[in-house]
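J.: upload-v5.txt is reproduced below (compact mmCIF, C-alpha atoms).
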```
# COMPACT_ATOMS: atom_id res chain seq x y z
CA MET G 1 -7.54 50.88 -16.64
CA THR G 2 -10.43 50.97 -14.31
CA SER G 3 -10.18 53.27 -11.33
CA MET G 4 -12.17 51.06 -8.96
CA ARG G 5 -10.43 49.85 -5.82
CA HIS G 6 -9.73 46.22 -6.60
CA GLU G 7 -9.04 45.21 -3.03
CA ASP G 8 -12.74 45.84 -2.50
CA LEU G 9 -13.79 43.46 -5.25
CA GLY G 10 -16.75 41.40 -4.21
CA PRO G 11 -17.12 37.94 -5.67
CA ALA G 12 -19.66 39.01 -8.25
CA ASP G 13 -17.40 41.90 -9.18
CA ALA G 14 -14.46 39.50 -9.39
CA LEU G 15 -16.41 37.27 -11.76
CA GLU G 16 -17.24 40.30 -13.85
CA GLU G 17 -13.58 41.35 -13.86
CA LEU G 18 -12.54 37.87 -14.90
CA ARG G 19 -15.18 37.86 -17.63
CA ARG G 20 -13.80 41.12 -18.99
CA ALA G 21 -10.22 39.86 -18.78
CA GLU G 22 -11.07 36.63 -20.57
CA ALA G 23 -12.99 38.47 -23.25
CA ARG G 24 -9.68 39.91 -24.39
CA MET G 25 -8.06 36.51 -24.85
CA GLU G 26 -7.47 35.48 -28.44
CA THR G 27 -6.40 32.17 -29.91
CA PRO G 28 -2.71 32.33 -30.88
CA PRO G 29 -2.23 32.76 -34.66
CA HIS G 30 -0.31 29.51 -35.05
CA VAL G 31 -3.49 27.60 -34.16
CA GLU G 32 -5.23 29.06 -37.19
CA ALA G 33 -2.23 28.13 -39.32
CA ALA G 34 -2.43 24.55 -38.06
CA VAL G 35 -6.19 24.33 -38.59
CA LEU G 36 -5.95 25.68 -42.12
CA ALA G 37 -3.00 23.39 -42.83
CA ALA G 38 -5.21 20.48 -41.80
CA TRP G 39 -7.86 21.75 -44.18
CA ASP G 40 -5.34 22.00 -47.00
CA MET G 41 -4.08 18.51 -46.23
CA ALA G 42 -7.55 17.08 -46.42
CA HIS G 43 -8.57 19.01 -49.52
CA ALA G 44 -5.41 19.09 -51.60
CA PRO G 45 -6.62 18.43 -55.16
CA GLY G 46 -5.45 15.10 -56.46
CA MET G 47 -3.33 14.61 -53.40
CA ALA G 48 -5.08 11.52 -52.22
CA SER G 49 -4.99 9.70 -55.51
CA ARG G 50 -1.40 10.76 -56.19
CA ARG G 51 -0.26 9.61 -52.79
CA ARG G 52 -2.23 6.38 -53.09
CA THR G 53 -0.56 5.66 -56.41
CA PHE G 54 2.83 6.43 -54.93
CA TRP G 55 2.31 4.17 -51.96
CA ARG G 56 0.88 1.40 -54.09
CA ASP G 57 3.97 1.55 -56.29
CA ALA G 58 6.20 1.76 -53.25
CA ALA G 59 4.48 -1.23 -51.72
CA ALA G 60 4.94 -3.21 -54.93
CA VAL G 61 8.63 -2.35 -55.09
CA ALA G 62 9.05 -3.25 -51.43
CA ALA G 63 7.31 -6.57 -52.00
CA ALA G 64 9.51 -7.36 -54.96
CA LEU G 65 12.61 -6.52 -52.98
CA THR G 66 11.46 -8.68 -50.13
CA ILE G 67 10.89 -11.63 -52.42
CA ALA G 68 14.28 -11.14 -54.03
CA ALA G 69 15.87 -10.98 -50.62
CA GLY G 70 14.03 -14.11 -49.61
CA LEU G 71 15.36 -15.97 -52.59
CA ALA G 72 18.89 -14.72 -52.18
CA GLN G 73 19.31 -15.07 -48.48
CA LEU G 74 18.35 -18.01 -46.35
CA GLY G 75 18.20 -18.94 -42.70
CA GLN G 76 19.76 -16.63 -40.15
CA HIS G 77 20.93 -14.17 -42.71
CA LEU G 78 17.37 -13.54 -43.87
CA GLN G 79 16.11 -13.28 -40.30
CA ARG G 80 18.73 -10.66 -39.44
CA ALA G 81 17.85 -8.66 -42.53
CA THR G 82 14.17 -8.68 -41.63
CA GLN G 83 14.86 -7.57 -38.09
CA GLY G 84 17.00 -4.73 -39.38
CA ALA G 85 14.29 -3.58 -41.75
CA ASN G 86 11.73 -3.59 -38.98
CA ALA G 87 13.91 -1.51 -36.72
CA GLN G 88 14.48 1.00 -39.49
CA SER G 89 10.75 1.21 -40.18
CA GLU G 90 9.92 1.90 -36.57
CA ASN G 91 12.30 4.83 -36.42
CA SER G 92 11.52 6.31 -39.81
CA ARG G 93 9.49 9.38 -40.52
CA THR G 94 7.53 10.27 -43.62
CA LEU G 95 7.78 13.73 -45.13
CA LEU G 96 4.98 14.84 -47.43
CA LEU G 97 5.42 17.90 -49.59
CA VAL G 98 2.01 19.53 -49.89
CA GLY G 99 2.61 22.93 -51.41
CA GLU G 100 5.25 25.15 -52.87
CA PRO G 101 8.76 23.89 -52.17
CA ILE G 102 10.62 25.40 -49.26
CA LEU G 103 13.14 27.87 -50.61
CA GLN G 104 16.64 27.93 -49.29
CA GLY G 105 16.81 30.35 -46.38
CA GLU G 106 13.03 30.72 -46.23
CA PRO G 107 11.88 31.12 -42.63
CA VAL G 108 9.47 28.37 -41.73
CA ARG G 109 7.66 27.38 -38.59
CA MET G 110 6.83 23.93 -37.44
CA VAL G 111 3.46 23.34 -35.84
CA ARG G 112 2.75 20.08 -34.09
CA MET G 113 -0.84 19.02 -34.40
CA ARG G 114 -2.97 16.00 -33.87
CA VAL G 115 -4.97 14.73 -36.83
CA PRO G 116 -7.21 11.74 -37.31
CA ALA G 117 -5.48 8.76 -38.86
CA SER G 118 -8.22 8.79 -41.48
CA THR G 119 -7.02 12.21 -42.67
CA LEU G 120 -3.55 10.82 -43.16
CA ALA G 121 -5.01 7.81 -44.88
CA GLY G 122 -6.60 10.25 -47.32
CA LEU G 123 -3.10 11.39 -48.16
CA GLY G 124 -1.97 7.85 -48.69
CA VAL G 125 -0.05 7.59 -45.45
CA ARG G 126 -0.63 4.75 -43.07
CA PRO G 127 1.19 5.47 -39.81
CA ALA G 128 2.67 2.34 -38.31
CA THR G 129 0.89 2.82 -35.02
CA GLY G 130 -2.27 4.36 -36.42
CA THR G 131 -5.59 2.82 -37.12
CA ARG G 132 -8.72 4.44 -38.45
CA GLY G 133 -10.28 6.61 -35.78
CA GLU G 134 -7.02 7.10 -33.92
CA HIS G 135 -5.29 10.48 -33.80
CA ILE G 136 -1.71 10.87 -34.89
CA ASP G 137 0.75 13.64 -34.06
CA VAL G 138 2.23 15.27 -37.13
CA ASP G 139 4.55 18.20 -37.66
CA VAL G 140 3.26 20.71 -40.19
CA ILE G 141 5.91 22.94 -41.70
CA VAL G 142 4.34 26.32 -42.42
CA GLY G 143 5.93 28.94 -44.62
CA GLU G 144 6.15 32.63 -43.89
CA ASP G 145 2.88 33.18 -45.77
CA GLY G 146 1.05 30.83 -43.42
CA VAL G 147 0.61 28.13 -46.07
CA ALA G 148 1.64 24.57 -45.28
CA ARG G 149 4.73 23.40 -47.14
CA ALA G 150 5.25 19.94 -45.78
CA ILE G 151 3.94 17.49 -43.27
CA ARG G 152 6.13 15.15 -41.27
CA VAL G 153 4.55 12.03 -39.93
CA GLY G 154 6.49 10.29 -37.24
CA ARG G 155 6.58 6.72 -36.02
CA MET I 1 -24.87 35.65 -25.44
CA ARG I 2 -23.92 37.09 -28.77
CA ASP I 3 -26.04 35.40 -31.36
CA ALA I 4 -23.31 34.13 -33.62
CA THR I 5 -25.86 32.24 -35.70
CA ARG I 6 -27.21 35.47 -37.02
CA ALA I 7 -23.93 37.29 -36.97
CA THR I 8 -22.79 37.89 -40.47
CA ASP I 9 -19.45 37.94 -42.18
CA GLY I 10 -20.27 38.89 -45.73
CA ASP I 11 -23.93 38.42 -44.83
CA LEU I 12 -23.65 34.66 -44.48
CA ALA I 13 -25.24 32.92 -41.52
CA ASP I 14 -23.49 30.12 -39.72
CA ALA I 15 -25.72 27.49 -41.30
CA ASP I 16 -24.79 28.72 -44.78
CA LEU I 17 -21.12 28.71 -43.89
CA MET I 18 -21.44 25.17 -42.57
CA ARG I 19 -23.13 24.06 -45.79
CA ARG I 20 -20.38 25.64 -47.84
CA THR I 21 -17.73 24.14 -45.59
CA ALA I 22 -19.26 20.72 -46.13
CA ALA I 23 -18.99 21.37 -49.85
CA GLY I 24 -15.28 22.06 -49.51
CA ASP I 25 -15.30 25.85 -49.45
CA ARG I 26 -12.11 26.94 -47.68
CA GLU I 27 -13.23 30.55 -47.41
CA ALA I 28 -16.38 29.51 -45.58
CA PHE I 29 -14.38 27.35 -43.21
CA THR I 30 -11.98 30.21 -42.57
CA ALA I 31 -14.90 32.55 -41.89
CA LEU I 32 -16.34 30.06 -39.42
CA TYR I 33 -12.99 29.82 -37.70
CA HIS I 34 -12.64 33.58 -37.44
CA ARG I 35 -16.14 33.89 -36.08
CA HIS I 36 -15.97 31.21 -33.42
CA HIS I 37 -12.38 30.36 -32.50
CA ALA I 38 -12.16 32.82 -29.64
CA MET I 39 -15.18 31.52 -27.74
CA VAL I 40 -13.97 27.94 -28.08
CA TYR I 41 -10.49 28.93 -26.95
CA ARG I 42 -11.73 30.89 -23.94
CA PHE I 43 -14.07 28.10 -22.90
CA ALA I 44 -11.33 25.48 -23.15
CA ARG I 45 -8.82 27.72 -21.40
CA LEU I 46 -11.10 28.39 -18.49
CA MET I 47 -12.07 24.75 -18.22
CA THR I 48 -8.53 23.37 -18.32
CA GLY I 49 -6.49 26.25 -16.94
CA CYS I 50 -3.94 25.53 -19.60
CA ASN I 51 -3.24 27.55 -22.72
CA SER I 52 -1.66 24.74 -24.72
CA ALA I 53 -4.54 22.39 -23.90
CA ALA I 54 -6.96 25.09 -25.05
CA GLU I 55 -5.05 25.44 -28.31
CA ASP I 56 -5.25 21.70 -28.90
CA ILE I 57 -8.96 21.72 -28.18
CA VAL I 58 -9.54 24.54 -30.68
CA GLN I 59 -7.76 22.44 -33.30
CA GLU I 60 -9.79 19.39 -32.44
CA VAL I 61 -13.08 21.28 -32.54
CA PHE I 62 -12.38 22.70 -35.97
CA LEU I 63 -11.20 19.33 -37.24
CA VAL I 64 -14.64 18.07 -36.27
CA VAL I 65 -16.23 21.00 -38.11
CA MET I 66 -14.11 20.21 -41.14
CA ARG I 67 -15.01 16.52 -41.08
CA ASP I 68 -18.63 16.64 -39.94
CA ALA I 69 -19.97 19.93 -41.26
CA ALA I 70 -22.52 18.07 -43.36
CA ARG I 71 -24.00 16.48 -40.26
CA TYR I 72 -24.74 19.77 -38.53
CA ASP I 73 -28.46 20.48 -38.31
CA PRO I 74 -29.21 24.15 -37.62
CA ALA I 75 -32.75 23.21 -36.57
CA ARG I 76 -31.40 21.36 -33.56
CA ALA I 77 -28.96 23.89 -32.18
CA ALA I 78 -27.27 27.16 -32.89
CA LEU I 79 -23.76 26.63 -34.15
CA SER I 80 -22.30 28.21 -31.03
CA SER I 81 -24.12 25.64 -28.87
CA TYR I 82 -22.95 22.87 -31.18
CA LEU I 83 -19.36 24.09 -30.93
CA TYR I 84 -19.57 24.41 -27.17
CA GLY I 85 -20.85 20.85 -27.07
CA VAL I 86 -17.94 19.59 -29.17
CA ALA I 87 -15.46 21.64 -27.15
CA ARG I 88 -16.96 20.30 -23.93
CA HIS I 89 -16.60 16.74 -25.18
CA HIS I 90 -12.94 17.24 -26.08
CA THR I 91 -12.28 19.11 -22.85
CA ARG I 92 -13.69 16.26 -20.81
CA ARG I 93 -11.60 13.76 -22.72
CA ARG I 94 -8.55 15.89 -22.22
CA LEU I 95 -9.19 16.35 -18.53
CA ALA I 96 -9.74 12.65 -18.11
CA ARG I 97 -6.53 11.85 -19.96
CA GLU I 98 -4.34 14.39 -18.22
CA ARG I 99 -5.30 14.87 -14.64
CA GLN I 100 -2.74 17.53 -13.91
CA PHE I 101 -2.59 20.88 -15.57
CA VAL I 102 -0.38 23.81 -14.93
CA THR I 103 -2.05 27.00 -13.83
CA PHE I 104 -2.45 29.92 -16.15
CA ASP I 105 0.90 31.11 -17.37
CA GLY I 106 2.15 34.63 -17.85
CA GLY I 107 0.12 35.17 -20.97
CA CYS I 108 -3.06 36.09 -19.17
CA ALA I 109 -4.80 39.15 -20.45
CA ASP I 110 -5.50 40.61 -17.06
CA ALA I 111 -1.89 41.68 -16.80
CA THR I 112 -2.66 45.33 -17.21
CA GLN I 113 -0.24 47.17 -19.41
CA HIS I 114 -0.98 50.71 -18.38
CA VAL I 115 -0.19 50.69 -14.71
CA THR I 116 0.60 53.91 -12.91
CA GLN I 117 2.45 54.13 -9.61
CA ASP I 118 -0.71 54.95 -7.68
CA ASP I 119 -2.44 51.88 -8.99
CA VAL I 120 0.31 49.35 -8.39
CA ASN I 121 -1.08 48.03 -5.14
CA ALA I 122 -4.60 47.95 -6.44
CA THR I 123 -3.47 46.19 -9.60
CA LEU I 124 -1.53 43.56 -7.69
CA GLN I 125 -4.47 43.00 -5.42
CA ARG I 126 -6.76 42.68 -8.40
CA ARG I 127 -4.48 40.17 -10.08
CA ARG I 128 -4.30 38.14 -6.90
CA THR I 129 -8.06 38.15 -6.61
CA LEU I 130 -8.49 37.03 -10.20
CA GLN I 131 -5.85 34.34 -9.75
CA ARG I 132 -7.64 33.06 -6.67
CA LEU I 133 -10.90 33.10 -8.55
CA ARG I 134 -9.37 31.15 -11.45
CA ARG I 135 -7.99 28.57 -9.08
CA ALA I 136 -11.32 28.33 -7.31
CA ILE I 137 -13.11 27.81 -10.63
CA LEU I 138 -10.59 25.14 -11.68
CA SER I 139 -11.12 23.34 -8.41
CA LEU I 140 -14.88 23.09 -8.92
CA PRO I 141 -16.30 19.75 -10.00
CA ARG I 142 -16.52 19.74 -13.78
CA ARG I 143 -20.31 19.94 -14.01
CA TYR I 144 -20.30 23.08 -11.88
CA ARG I 145 -17.24 24.56 -13.52
CA GLU I 146 -18.76 24.38 -16.97
CA VAL I 147 -21.92 26.25 -16.04
CA ILE I 148 -19.90 28.99 -14.37
CA VAL I 149 -17.68 29.25 -17.43
CA LEU I 150 -20.56 29.22 -19.89
CA CYS I 151 -23.11 31.37 -18.09
CA ASP I 152 -21.09 33.71 -15.89
CA LEU I 153 -17.93 34.09 -17.94
CA GLN I 154 -19.05 33.54 -21.53
CA ASP I 155 -22.50 35.14 -21.36
CA VAL I 156 -24.19 32.05 -22.73
CA SER I 157 -27.93 31.97 -22.05
CA TYR I 158 -29.42 29.23 -19.91
CA ASN I 159 -31.14 27.80 -22.97
CA ASP I 160 -27.97 27.63 -25.03
CA ALA I 161 -26.00 26.22 -22.12
CA ALA I 162 -28.64 23.53 -21.71
CA VAL I 163 -28.33 22.61 -25.39
CA ALA I 164 -24.53 22.56 -25.22
CA ILE I 165 -24.46 20.41 -22.12
CA GLY I 166 -27.46 18.32 -23.04
CA CYS I 167 -29.61 18.84 -19.98
CA ALA I 168 -32.71 20.74 -18.92
CA VAL I 169 -32.69 24.48 -18.33
CA GLY I 170 -33.70 23.86 -14.74
CA THR I 171 -30.60 21.75 -14.28
CA ILE I 172 -28.46 24.63 -15.50
CA ARG I 173 -30.11 26.96 -13.01
CA SER I 174 -29.65 24.64 -10.09
CA ARG I 175 -26.07 23.78 -10.99
CA LEU I 176 -25.28 27.46 -11.37
CA HIS I 177 -26.71 28.24 -7.98
CA ARG I 178 -24.73 25.42 -6.43
CA ALA I 179 -21.58 26.42 -8.32
CA ARG I 180 -21.79 29.99 -7.06
CA ASN I 181 -22.21 28.75 -3.52
CA LEU I 182 -19.16 26.54 -3.88
CA LEU I 183 -17.17 29.43 -5.30
CA SER I 184 -18.30 31.53 -2.40
CA GLN I 185 -16.94 29.00 0.05
CA LYS I 186 -13.67 28.64 -1.80
CA MET I 187 -13.18 32.38 -2.03
CA GLY I 188 -14.02 32.77 1.63
CA SER I 189 -16.59 35.47 1.15
CA ALA I 190 -20.23 35.99 0.52
CA ILE I 191 -19.98 35.49 -3.20
CA SER I 192 -23.48 34.24 -3.61
CA SER I 193 -25.57 36.67 -1.73
CA ASP I 194 -29.04 37.08 -3.14
CA GLU I 195 -27.99 40.38 -4.62
CA ASP I 196 -24.94 38.85 -6.32
CA ASN I 197 -26.97 35.96 -7.67
CA GLN I 198 -29.55 38.38 -9.00
CA ARG I 199 -26.90 40.46 -10.74
CA LEU I 200 -25.23 37.48 -12.33
CA SER I 201 -28.47 35.85 -13.35
CA GLU I 202 -29.76 38.91 -15.11
CA ARG I 203 -26.98 38.61 -17.66
CA CYS I 204 -27.66 35.02 -18.62
CA ALA I 205 -31.41 34.85 -18.27
CA VAL I 206 -33.20 32.80 -20.86
```
Show this structure as structure tokens.

T.:
Amino acid sequence: MTSMRHEDLGPADALEELRRAEARMETPPHVEAAVLAAWDMAHAPGMASRRRTFWRDAAAVAAALTIAAGLAQLGQHLQRATQGANAQSENSRTLLLVGEPILQGEPVRMVRMRVPASTLAGLGVRPATGTRGEHIDVDVIVGEDGVARAIRVGR
Amino acid sequence: MRDATRATDGDLADADLMRRTAAGDREAFTALYHRHHAMVYRFARLMTGCNSAAEDIVQEVFLVVMRDAARYDPARAALSSYLYGVARHHTRRRLARERQFVTFDGGCADATQHVTQDDVNATLQRRRTLQRLRRAILSLPRRYREVIVLCDLQDVSYNDAAVAIGCAVGTIRSRLHRARNLLSQKMGSAISSDEDNQRLSERCAV
């Protein structure tokens, strides 16, 4: 600790003191984990095509189910079913597994981060409220080794 | 200012690391992060007065690096200036979006850990002075705050600050002079005497 009398700090000295104090500040480690998780999300080999395939199949199944429901249920019954599905969709969250599975009892940390919707689109996820260029909040689940295990996309 | 462009981690310059990052090299991206995260974090922290906002801005800056590394042209600006420019952009957006920020929380580094009894009063006084100074800086108009943060607190040269902000070097000088005068008034003392200005300017001279 410096031995100077701080009550005598002049403004220029105060700026210098502040500069020295700030020079010791470091970014918290969880920020690096989040940044590298974003990198891994964007560069996961085969992830984009796999997810795209999955969502294309899922979309096809959903379409088939919708048609079947349309044929089976008419009038008010169909309308109620549609409303129910919409409500469920608005509240649902998507969980993407991007690395090694989470072991039972493994300590994990969740990091909330904001990513471009286009990054999620690269993973085959289209957030309900997201459009290209918009940023979406996601929860990245990071294992003890700092590697992302899963990504939760909300709303 | 430390010349991060020529700083080497494994003898690779920033431009090389950016090229490799653009090609999908995770190690290069990690090296870039390790080399530059602190300056981005400190800049954002001083500009917003909020640790969590600064953390978000660091993430956003490095998402831009990840996405746009191929667009970076080392002939136009040093990477540090480029990163300051990106951080400044995101800081301005953040400040515009959220008008109110909390003041620095208990995690500030000036909380000295090795305090002896004799120094308690002096330490408390010092912390109060620094807290007042932080508040005074946060209350400056943004264009003045950023030159104080860059030139007086981050040791960025006038030239690099001009590139980061996108204005002439003369503008940096005049804003800095005005900013120090404003700080002087807010701190209620002769912060910007000629001697003080001379001392501060010597560190950031072009």

J.: Within 9 Å of (-10.1, 34.3, -12.4), in the coordinates the file gives, what residues turn up when you count only C-alpha atoms, written out as an MDAnalysis selection string?

T.: (chainID G and resid 14:15 17:19 21:22) or (chainID I and resid 46 127:137)

J.: Which value, in Å to one decimal, gives the distance between atom CA of Asn51 of chain I and atom CA of Phe29 of chain I?

T.: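 Straight-line distance from atom CA of Asn51 of chain I to atom CA of Phe29 of chain I works out to 23.3 Å.
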
J.: Report the distance between atom CA of Ile141 of chain G and atom CA of Arg109 of chain G in Å, rounded to one decimal place.

T.: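 Interatomic distance, atom CA of Ile141 of chain G to atom CA of Arg109 of chain G: 5.7 Å.
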
J.: I'd like to know which of I:Leu95, I:Leu176, I:Ile57, I:Ile165 is closest to chain G, using only C-alpha atoms.

T.: I:Ile57

J.: Would you work out the distance separating atom CA of Thr21 of chain I from atom CA of Ala164 of chain I, expressed in Å to one decimal?

T.: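 Interatomic distance, atom CA of Thr21 of chain I to atom CA of Ala164 of chain I: 21.5 Å.
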
J.: Please provide as a PyMOL selection string all residues within 7 Å of His135 of chain G, with the sequence filter that same-chain residues fewer than 2 positions apart are discarded (counting all atoms listed in the file).

T.: chain G and resi 114-117+133+137

J.: Any idea what's packed within 9 Å of Val147 of chain G, counting only C-alpha atoms, ignoring anything in its chain fewer than 5 positions away? Could you give it as an mmCIF file with C-alpha atoms, in the frame of the given file?

T.:
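Contents of part_14.cif, as written:
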```cif
data_model
loop_
_atom_site.group_PDB
_atom_site.id
_atom_site.type_symbol
_atom_site.label_atom_id
_atom_site.label_comp_id
_atom_site.auth_asym_id
_atom_site.auth_seq_id
_atom_site.Cartn_x
_atom_site.Cartn_y
_atom_site.Cartn_z
ATOM 1 C CA ALA G 33 -2.230 28.130 -39.320
ATOM 2 C CA LEU G 36 -5.950 25.680 -42.120
ATOM 3 C CA ALA G 37 -3.000 23.390 -42.830
ATOM 4 C CA ASP G 40 -5.340 22.000 -47.000
ATOM 5 C CA GLY G 99 2.610 22.930 -51.410
ATOM 6 C CA GLU G 100 5.250 25.150 -52.870
ATOM 7 C CA ILE G 141 5.910 22.940 -41.700
ATOM 8 C CA VAL G 142 4.340 26.320 -42.420
#
```

J.: Rank nothing, just name the residue among G:Ala38, G:Asp145, G:Ala150, G:Thr27 nearest to Ala53 of chain I, using all atoms listed in the file.

T.: G:Thr27

J.: Could you tell me which of G:Gly124, G:Pro29, G:Gly154, G:Gly143 comes closest to Leu103 of chain G if we count only C-alpha atoms?

T.: G:Gly143

J.: Find the spatial neighbours of Asp25 of chain I, counting all atoms listed in the file, within a cut-off of 12 Å - ignore same-chain residues fewer than 2 positions away - and output them as a list in words.

T.: Leu36, Trp39, Asp40 and His43 of chain G; Asp16, Leu17, Met18, Arg19, Arg20, Thr21, Ala22, Ala23, Glu27, Ala28, Phe29, Thr30, Ala31, Leu32, Met66 and Ala69 of chain I

J.: I'd like the contact shell of Ala75 of chain I - 12 Å cut-off, all atoms listed in the file, skipping same-chain residues fewer than 6 positions apart - returned as a list in words.

T.: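 What passes the distance filter is Thr5, Asp14, Ala15, Ser81 and Tyr82 of chain I.
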
J.: Keeping only C-alpha atoms, take the residues you just selected and write them out as an mmCIF file, in the frame of the given file.

T.:
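Result saved to selection01.cif:
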```cif
data_model
loop_
_atom_site.group_PDB
_atom_site.id
_atom_site.type_symbol
_atom_site.label_atom_id
_atom_site.label_comp_id
_atom_site.auth_asym_id
_atom_site.auth_seq_id
_atom_site.Cartn_x
_atom_site.Cartn_y
_atom_site.Cartn_z
ATOM 1 C CA THR I 5 -25.860 32.240 -35.700
ATOM 2 C CA ASP I 14 -23.490 30.120 -39.720
ATOM 3 C CA ALA I 15 -25.720 27.490 -41.300
ATOM 4 C CA SER I 81 -24.120 25.640 -28.870
ATOM 5 C CA TYR I 82 -22.950 22.870 -31.180
#
```

J.: So which one's closest to Val86 of chain I, I:Pro74, I:Val163, I:Leu12, I:Thr48? Using only C-alpha atoms, please.

T.: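 Of I:Pro74, I:Val163, I:Leu12, I:Thr48, the one nearest Val86 of chain I, counting only C-alpha atoms, is I:Val163.
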
J.: Nearest to chain G: which of I:Cys151, I:Ala77, I:Leu182, I:Ala122 is it, counting all atoms listed in the file?

T.: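 Of I:Cys151, I:Ala77, I:Leu182, I:Ala122, the one nearest chain G, counting all atoms listed in the file, is I:Ala122.
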